[in-house]
Amino acid sequence: MKKRILSLVMAILMIVSLLPVTALAADADAANWSCVRITQNGLDLILYGNNAGRTDYAKTVDGKITTEGASADDYNIKVSMENSVLKITLKDANFTGDSTNNHMIDVGYVTQDATGAATTNYSTEITLIGENKFYGNTGNRFMIKASNGTTFTGSGSFYMEGNNVNVMHNYGGDLTIKDTTVTLRQTGGWRHHVLQMVNGDLTIDNANVNLIDECGASAIFFGDFDAFDSSTDRGIYIQNGAKVNIENQYKAGVGCYHQPVINCNGPFVIDSSNVTISNGCACKFSNKAPEIKGDVTAMYKSQAGQEYVPYNVEAGTVFDGAGCGGGADYAFLKVTVNVPCDHANAADDGDCTTAVTCPDCTKIVVEAQAHAWTDDDDSTCNNEGCNATRKTKPNAVALRIHGEDLYAWPSDGGAATYFQVIDNLFVQQGDEDNYNMKVTYANGVLDVVFQNLDITRNANISMFNFAYYSDTGKYNYDVRITLIGENKINGAGGFHLANTTNGDMIITGPGSLYMCTSDQAYVMHVVNGDLTIQDTTVTIEQKNGSYSGITVAQGDLIIDNSTVNMSANYGSCVSFGTYNGIGTEEQGCYILNGSNVVMNAPTLHRGLIHTAGPIVFDSSNVELNNTYACMATNKAPKSRAMLPPCIRTM
């Protein structure tokens, strides 16, 4: 008998010797102690804290937990107690439980006071810092036993994944998730739940929460084990801008024990939050319809990938999905409630034509509206909060330079406006001795001087637009462009040189102008009047696209004593009417007074000069080259005085 007793004592001593040192650290008087029991490899590690200032630390290394080397400056788990509140801090903790059928972490593990009575009469606060990840195997679960409630909070996140287990089991008091991020995932577990609530409320307050049940019972279950809590007092409260996703999925070929995705008989309140609920089977999502507060849109869809349609959520709602037929046959209920917002971050850009939108709730705080100008000379919008200005329009004269949206509004007989090209951008500066463009207006003529102008534009917009439209319509004047030195304008799409006045455009001067477009564009475009190229040199290249090099919508093209070289890779060199039209029989092309003109259109079937009106060569040299159909005009050319010495076709 003595040998048996001795053997028993030795066995007990051997078991005790295997326990971590911290497991032996409890005082005889444990009435003011709190503790956390962590189970791994069949052993229990117990971390303590008490009101007297005791704090324990642990580290997680390669998924394992240890107290070795842990300190206030280097820890992943900290346990303390303050004013009878168990304080747990998780800081980048990464822990994997073993396969023992035990709780992975027991928060508020039952201790004994001096009389031997069990005590857990304190609340628990779990503060999250960084990313905290916990993985459990069969039987592992995260237990919370604090009888006065538990709160998850902090700037970090908590992720816990378990198999064949209630991932989180709240065994007393309320569970609150506030101002943080928590994800619980159950990867497989017949008759087990993601979150099980016993004797308390679940509150999700301004937090991001994901509860995912891949093949178990309910995502949220109120009751102990499978004993459903029929109390109408304990419920779910989702509030203050929380974002919650609750899923109860289905795995084909696996024995899943499907219950309502939310199994609760008490209040289910959604207040100013966004909630998405899905269930893999055609069963109820809750035993009580949600009470929704605020401006709400409630919608559902029966299968993944379908559009949400309006749906009335009632108690015991049964989704009309395809039953437990497969993972794609989820039933979804989406509830969105507008979050109360003071719109403090709704910034006004000072332009009334754009709406003021709150970035916090996406609500339009101030609707967009048109600018309000008092009269034509008013330069500031009169709408409240709008700082937009516009250029005044003396004598209704305008030149708009696209790209920078610079304007010139010269007054009749007034001072000139000067521009320089600096770093390929127009800058309104310069003087009579130093400029690349000068703009003046007098006696119904807008005078523009190009002097050694060199600019390149890649945007698909007009580069120069004379008589840009005003609020009251088109302007009425002629445009004269005088060339000094070598001037080069390169661009992509758009009208590079456009006159939209109700007058003529004249290009003249001792200098030259080279214009080239690499994309769909009319290099030179006149809308209402004649286009005259007189006593100067102009080269136009249309390298791509089916548009014409020169388009005259309602007038004539006159080339007078000038050298003009034109090439259109796919379009006409000259067309009349709008776009690639042929115009009227009154519109004509006149090449006069010793001009030298070469037109090339090597690949287009359309005419070099696309017109229904007269084509007149008078005392000039004209060379027309077209691969397909010679001159290919709509009307044979006429000659006056001398025939051109060379008309060559290819």
# chains A, B, ... in the order shown; residues from 1 in each chain; ligands from 1

call {"tool": "residues_around", "arguments": {"residues": "Gly173 (chain A)", "least_positions_apart": "2", "cutoff": "12 Å", "atoms": "only C-alpha atoms", "output": "list in words"}}
result
Gly108, Thr120, Asn121, Tyr122, Ser123, Thr124, Ile144, Lys145, Ala146, Ser147, Asn148, Gly149, Thr150, Thr151, His169, Asn170, Tyr171, Leu175, Thr176, Met197, Val198, Asn199, Gly200, Asp201, Leu202, Thr203 and Arg234 of chain A

call {"tool": "write_last_selection", "arguments": {"atoms": "C-alpha atoms", "output": "PDB file, in the first residue's frame"}}
result
ATOM      1  CA  GLY A 108     -11.036  34.719 -17.452  1.00  0.00           C
ATOM      2  CA  THR A 120     -14.557  35.349 -12.339  1.00  0.00           C
ATOM      3  CA  ASN A 121     -16.241  38.512 -11.093  1.00  0.00           C
ATOM      4  CA  TYR A 122     -14.509  40.999 -13.348  1.00  0.00           C
ATOM      5  CA  SER A 123     -14.892  42.338 -16.878  1.00  0.00           C
ATOM      6  CA  THR A 124     -12.337  41.882 -19.647  1.00  0.00           C
ATOM      7  CA  ILE A 144     -14.443  34.230 -22.861  1.00  0.00           C
ATOM      8  CA  LYS A 145     -15.728  33.682 -19.327  1.00  0.00           C
ATOM      9  CA  ALA A 146     -15.747  37.143 -17.791  1.00  0.00           C
ATOM     10  CA  SER A 147     -19.119  37.449 -16.090  1.00  0.00           C
ATOM     11  CA  ASN A 148     -19.244  41.248 -16.328  1.00  0.00           C
ATOM     12  CA  GLY A 149     -18.679  41.470 -20.058  1.00  0.00           C
ATOM     13  CA  THR A 150     -15.834  41.570 -22.581  1.00  0.00           C
ATOM     14  CA  THR A 151     -14.809  44.317 -25.013  1.00  0.00           C
ATOM     15  CA  HIS A 169     -17.557  31.160 -27.119  1.00  0.00           C
ATOM     16  CA  ASN A 170     -18.755  33.989 -24.871  1.00  0.00           C
ATOM     17  CA  TYR A 171     -19.642  32.336 -21.571  1.00  0.00           C
ATOM     18  CA  LEU A 175     -19.607  40.887 -25.795  1.00  0.00           C
ATOM     19  CA  THR A 176     -18.761  44.254 -27.373  1.00  0.00           C
ATOM     20  CA  MET A 197     -23.350  33.782 -27.051  1.00  0.00           C
ATOM     21  CA  VAL A 198     -24.348  32.574 -23.580  1.00  0.00           C
ATOM     22  CA  ASN A 199     -26.169  34.940 -21.215  1.00  0.00           C
ATOM     23  CA  GLY A 200     -25.337  38.284 -22.823  1.00  0.00           C
ATOM     24  CA  ASP A 201     -25.850  40.747 -25.680  1.00  0.00           C
ATOM     25  CA  LEU A 202     -23.669  41.132 -28.764  1.00  0.00           C
ATOM     26  CA  THR A 203     -22.853  44.769 -29.620  1.00  0.00           C
ATOM     27  CA  ARG A 234     -30.660  39.005 -25.180  1.00  0.00           C
TER      28      ARG A 234
END

call {"tool": "residues_around", "arguments": {"residues": "Ser548 (chain A)", "least_positions_apart": "4", "cutoff": "7 Å", "atoms": "only C-alpha atoms", "output": "PyMOL selection string"}}
result
chain A and resi 522+568+571-575+580

call {"tool": "write_last_selection", "arguments": {"atoms": "all heavy atoms", "output": "compact mmCIF listing (two decimals), in the first residue's frame"}}
result
# COMPACT_ATOMS: atom_id res chain seq x y z
N TYR A 522 -8.70 68.26 -88.41
CA TYR A 522 -8.67 69.22 -89.49
C TYR A 522 -7.61 70.23 -89.11
O TYR A 522 -7.75 70.96 -88.13
CB TYR A 522 -10.02 69.90 -89.65
CG TYR A 522 -11.14 68.91 -89.83
CD1 TYR A 522 -11.94 68.52 -88.76
CD2 TYR A 522 -11.39 68.37 -91.08
CE1 TYR A 522 -12.95 67.61 -88.92
CE2 TYR A 522 -12.41 67.44 -91.25
CZ TYR A 522 -13.18 67.05 -90.17
OH TYR A 522 -14.18 66.14 -90.34
N ALA A 568 -2.04 64.84 -97.37
CA ALA A 568 -3.06 64.20 -96.53
C ALA A 568 -2.91 62.70 -96.72
O ALA A 568 -3.17 62.17 -97.80
CB ALA A 568 -4.46 64.66 -96.93
N GLY A 571 -6.89 61.49 -95.94
CA GLY A 571 -8.01 62.35 -96.28
C GLY A 571 -7.71 63.24 -97.47
O GLY A 571 -6.65 63.16 -98.10
N SER A 572 -8.65 64.13 -97.78
CA SER A 572 -8.45 65.11 -98.84
C SER A 572 -7.49 66.19 -98.37
O SER A 572 -7.38 66.47 -97.18
CB SER A 572 -9.78 65.75 -99.21
OG SER A 572 -10.70 64.77 -99.66
N CYS A 573 -6.82 66.81 -99.31
CA CYS A 573 -6.03 67.98 -98.96
C CYS A 573 -6.96 69.15 -98.63
O CYS A 573 -6.74 69.88 -97.68
CB CYS A 573 -5.10 68.36 -100.10
SG CYS A 573 -3.71 67.21 -100.29
N VAL A 574 -8.01 69.30 -99.44
CA VAL A 574 -8.98 70.37 -99.24
C VAL A 574 -10.37 69.79 -99.38
O VAL A 574 -10.66 69.03 -100.32
CB VAL A 574 -8.78 71.51 -100.27
CG1 VAL A 574 -9.82 72.61 -100.04
CG2 VAL A 574 -7.37 72.07 -100.19
N SER A 575 -11.25 70.13 -98.44
CA SER A 575 -12.66 69.74 -98.59
C SER A 575 -13.53 70.93 -98.23
O SER A 575 -13.12 71.84 -97.51
CB SER A 575 -12.99 68.54 -97.69
OG SER A 575 -12.90 68.89 -96.33
N ASN A 580 -16.05 66.16 -93.97
CA ASN A 580 -15.52 65.70 -95.26
C ASN A 580 -16.55 65.84 -96.38
O ASN A 580 -16.61 65.03 -97.29
CB ASN A 580 -15.07 64.25 -95.16
CG ASN A 580 -13.75 64.12 -94.43
OD1 ASN A 580 -12.85 64.92 -94.66
ND2 ASN A 580 -13.64 63.14 -93.56

call {"tool": "residues_around", "arguments": {"residues": "Tyr75 (chain A)", "least_positions_apart": "5", "cutoff": "8 Å", "atoms": "only C-alpha atoms", "output": "list of chain:residue names"}}
result
A:Tyr57, A:Ala58, A:Lys59, A:Ala70, A:Lys91

call {"tool": "atom_distance", "arguments": {"atom1": "CA of Asp174 (chain A)", "atom2": "CA of Ile77 (chain A)"}}
result
22.8 Å

call {"tool": "closest_residue", "arguments": {"among": "A:Asp271, A:Asp224, A:Glu623, A:Asp556", "to": "Tyr590 (chain A)", "atoms": "only C-alpha atoms"}}
result
A:Asp556

call {"tool": "atom_distance", "arguments": {"atom1": "CA of Glu384 (chain A)", "atom2": "CA of Asp360 (chain A)"}}
result
23.3 Å

call {"tool": "select_by_dssp", "arguments": {"residues": "region 456-612 of chain A", "states": "strand (DSSP E)", "output": "number ranges by chain"}}
result
A: 456, 464-466, 478-484, 486-491, 497-499, 505-508, 512-517, 524-526, 531-534, 537-542, 550-552, 557-560, 563-568, 574-576, 589-592, 596-601, 609-610

call {"tool": "write_last_selection", "arguments": {"atoms": "C-alpha atoms", "output": "JSON list (two decimals), in the first residue's frame"}}
result
[["chain", "number", "residue", "atom", "x", "y", "z"],
["A", 456, "THR", "CA", 3.42, 71.09, -79.77],
["A", 464, "PHE", "CA", -6.19, 78.07, -81.51],
["A", 465, "ASN", "CA", -9.87, 78.96, -81.63],
["A", 466, "PHE", "CA", -10.65, 82.44, -82.89],
["A", 478, "ASP", "CA", -12.52, 88.97, -89.53],
["A", 479, "VAL", "CA", -9.26, 87.33, -88.44],
["A", 480, "ARG", "CA", -5.88, 88.25, -89.96],
["A", 481, "ILE", "CA", -2.81, 86.13, -89.10],
["A", 482, "THR", "CA", 0.54, 87.72, -89.98],
["A", 483, "LEU", "CA", 3.59, 85.43, -90.12],
["A", 484, "ILE", "CA", 7.05, 86.64, -89.09],
["A", 486, "GLU", "CA", 9.48, 80.42, -89.01],
["A", 487, "ASN", "CA", 6.36, 79.26, -87.17],
["A", 488, "LYS", "CA", 5.65, 75.62, -86.32],
["A", 489, "ILE", "CA", 2.49, 74.09, -84.83],
["A", 490, "ASN", "CA", 2.40, 70.36, -84.17],
["A", 491, "GLY", "CA", -0.46, 68.44, -82.58],
["A", 497, "LEU", "CA", -6.26, 76.63, -86.33],
["A", 498, "ALA", "CA", -10.00, 77.30, -86.25],
["A", 499, "ASN", "CA", -11.98, 80.41, -87.10],
["A", 505, "MET", "CA", -9.64, 84.41, -92.11],
["A", 506, "ILE", "CA", -6.53, 85.67, -93.89],
["A", 507, "ILE", "CA", -3.02, 84.24, -93.49],
["A", 508, "THR", "CA", -0.25, 86.51, -94.78],
["A", 512, "SER", "CA", 6.21, 80.87, -92.96],
["A", 513, "LEU", "CA", 3.82, 78.52, -91.16],
["A", 514, "TYR", "CA", 4.22, 74.76, -90.78],
["A", 515, "MET", "CA", 1.29, 72.82, -89.34],
["A", 516, "CYS", "CA", 1.24, 69.08, -88.74],
["A", 517, "THR", "CA", -1.22, 66.70, -87.09],
["A", 524, "MET", "CA", -7.06, 74.36, -90.60],
["A", 525, "HIS", "CA", -10.81, 75.02, -90.35],
["A", 526, "VAL", "CA", -12.98, 78.01, -91.26],
["A", 531, "LEU", "CA", -9.96, 81.34, -96.12],
["A", 532, "THR", "CA", -7.26, 83.31, -97.93],
["A", 533, "ILE", "CA", -3.52, 82.44, -97.98],
["A", 534, "GLN", "CA", -1.80, 85.49, -99.45],
["A", 537, "THR", "CA", 4.38, 80.26, -97.29],
["A", 538, "VAL", "CA", 2.27, 77.54, -95.67],
["A", 539, "THR", "CA", 2.93, 73.81, -95.26],
["A", 540, "ILE", "CA", 0.21, 71.46, -93.98],
["A", 541, "GLU", "CA", 0.70, 67.77, -93.18],
["A", 542, "GLN", "CA", -2.14, 65.43, -92.17],
["A", 550, "ILE", "CA", -8.09, 72.31, -94.88],
["A", 551, "THR", "CA", -11.86, 72.45, -94.43],
["A", 552, "VAL", "CA", -13.94, 75.46, -95.48],
["A", 557, "LEU", "CA", -10.38, 78.86, -100.44],
["A", 558, "ILE", "CA", -8.11, 81.42, -102.10],
["A", 559, "ILE", "CA", -4.36, 80.87, -102.50],
["A", 560, "ASP", "CA", -2.88, 84.13, -103.80],
["A", 563, "THR", "CA", 3.74, 78.80, -101.74],
["A", 564, "VAL", "CA", 1.56, 76.04, -100.32],
["A", 565, "ASN", "CA", 2.54, 72.41, -99.80],
["A", 566, "MET", "CA", -0.14, 70.02, -98.59],
["A", 567, "SER", "CA", -0.20, 66.29, -97.89],
["A", 568, "ALA", "CA", -3.06, 64.20, -96.53],
["A", 574, "VAL", "CA", -8.98, 70.37, -99.24],
["A", 575, "SER", "CA", -12.66, 69.74, -98.59],
["A", 576, "PHE", "CA", -15.68, 71.99, -98.54],
["A", 589, "CYS", "CA", -10.93, 76.71, -104.82],
["A", 590, "TYR", "CA", -8.94, 79.53, -106.46],
["A", 591, "ILE", "CA", -5.14, 79.33, -106.97],
["A", 592, "LEU", "CA", -3.99, 82.70, -108.34],
["A", 596, "ASN", "CA", 3.19, 77.42, -106.27],
["A", 597, "VAL", "CA", 0.98, 74.65, -104.91],
["A", 598, "VAL", "CA", 1.69, 70.95, -104.37],
["A", 599, "MET", "CA", -1.00, 68.57, -103.10],
["A", 600, "ASN", "CA", -0.32, 64.92, -102.26],
["A", 601, "ALA", "CA", -2.87, 62.31, -101.20],
["A", 609, "ILE", "CA", -9.80, 68.83, -103.73],
["A", 610, "HIS", "CA", -13.20, 67.62, -102.62]]

call {"tool": "closest_residue", "arguments": {"among": "A:Ala207, A:Ile292, A:Ala217, A:Ala370", "to": "Val167 (chain A)", "atoms": "only C-alpha atoms"}}
result
A:Ala217

call {"tool": "atom_distance", "arguments": {"atom1": "CA of Thr127 (chain A)", "atom2": "CA of Thr181 (chain A)"}}
result
11.1 Å

call {"tool": "residues_around", "arguments": {"residues": "Asn528 (chain A)", "least_positions_apart": "4", "cutoff": "7 Å", "atoms": "only C-alpha atoms", "output": "PyMOL selection string"}}
result
chain A and resi 500-503+553-555

call {"tool": "closest_residue", "arguments": {"among": "A:Met160, A:Phe142, A:Ser272, A:Pro260", "to": "Val244 (chain A)", "atoms": "only C-alpha atoms"}}
result
A:Ser272
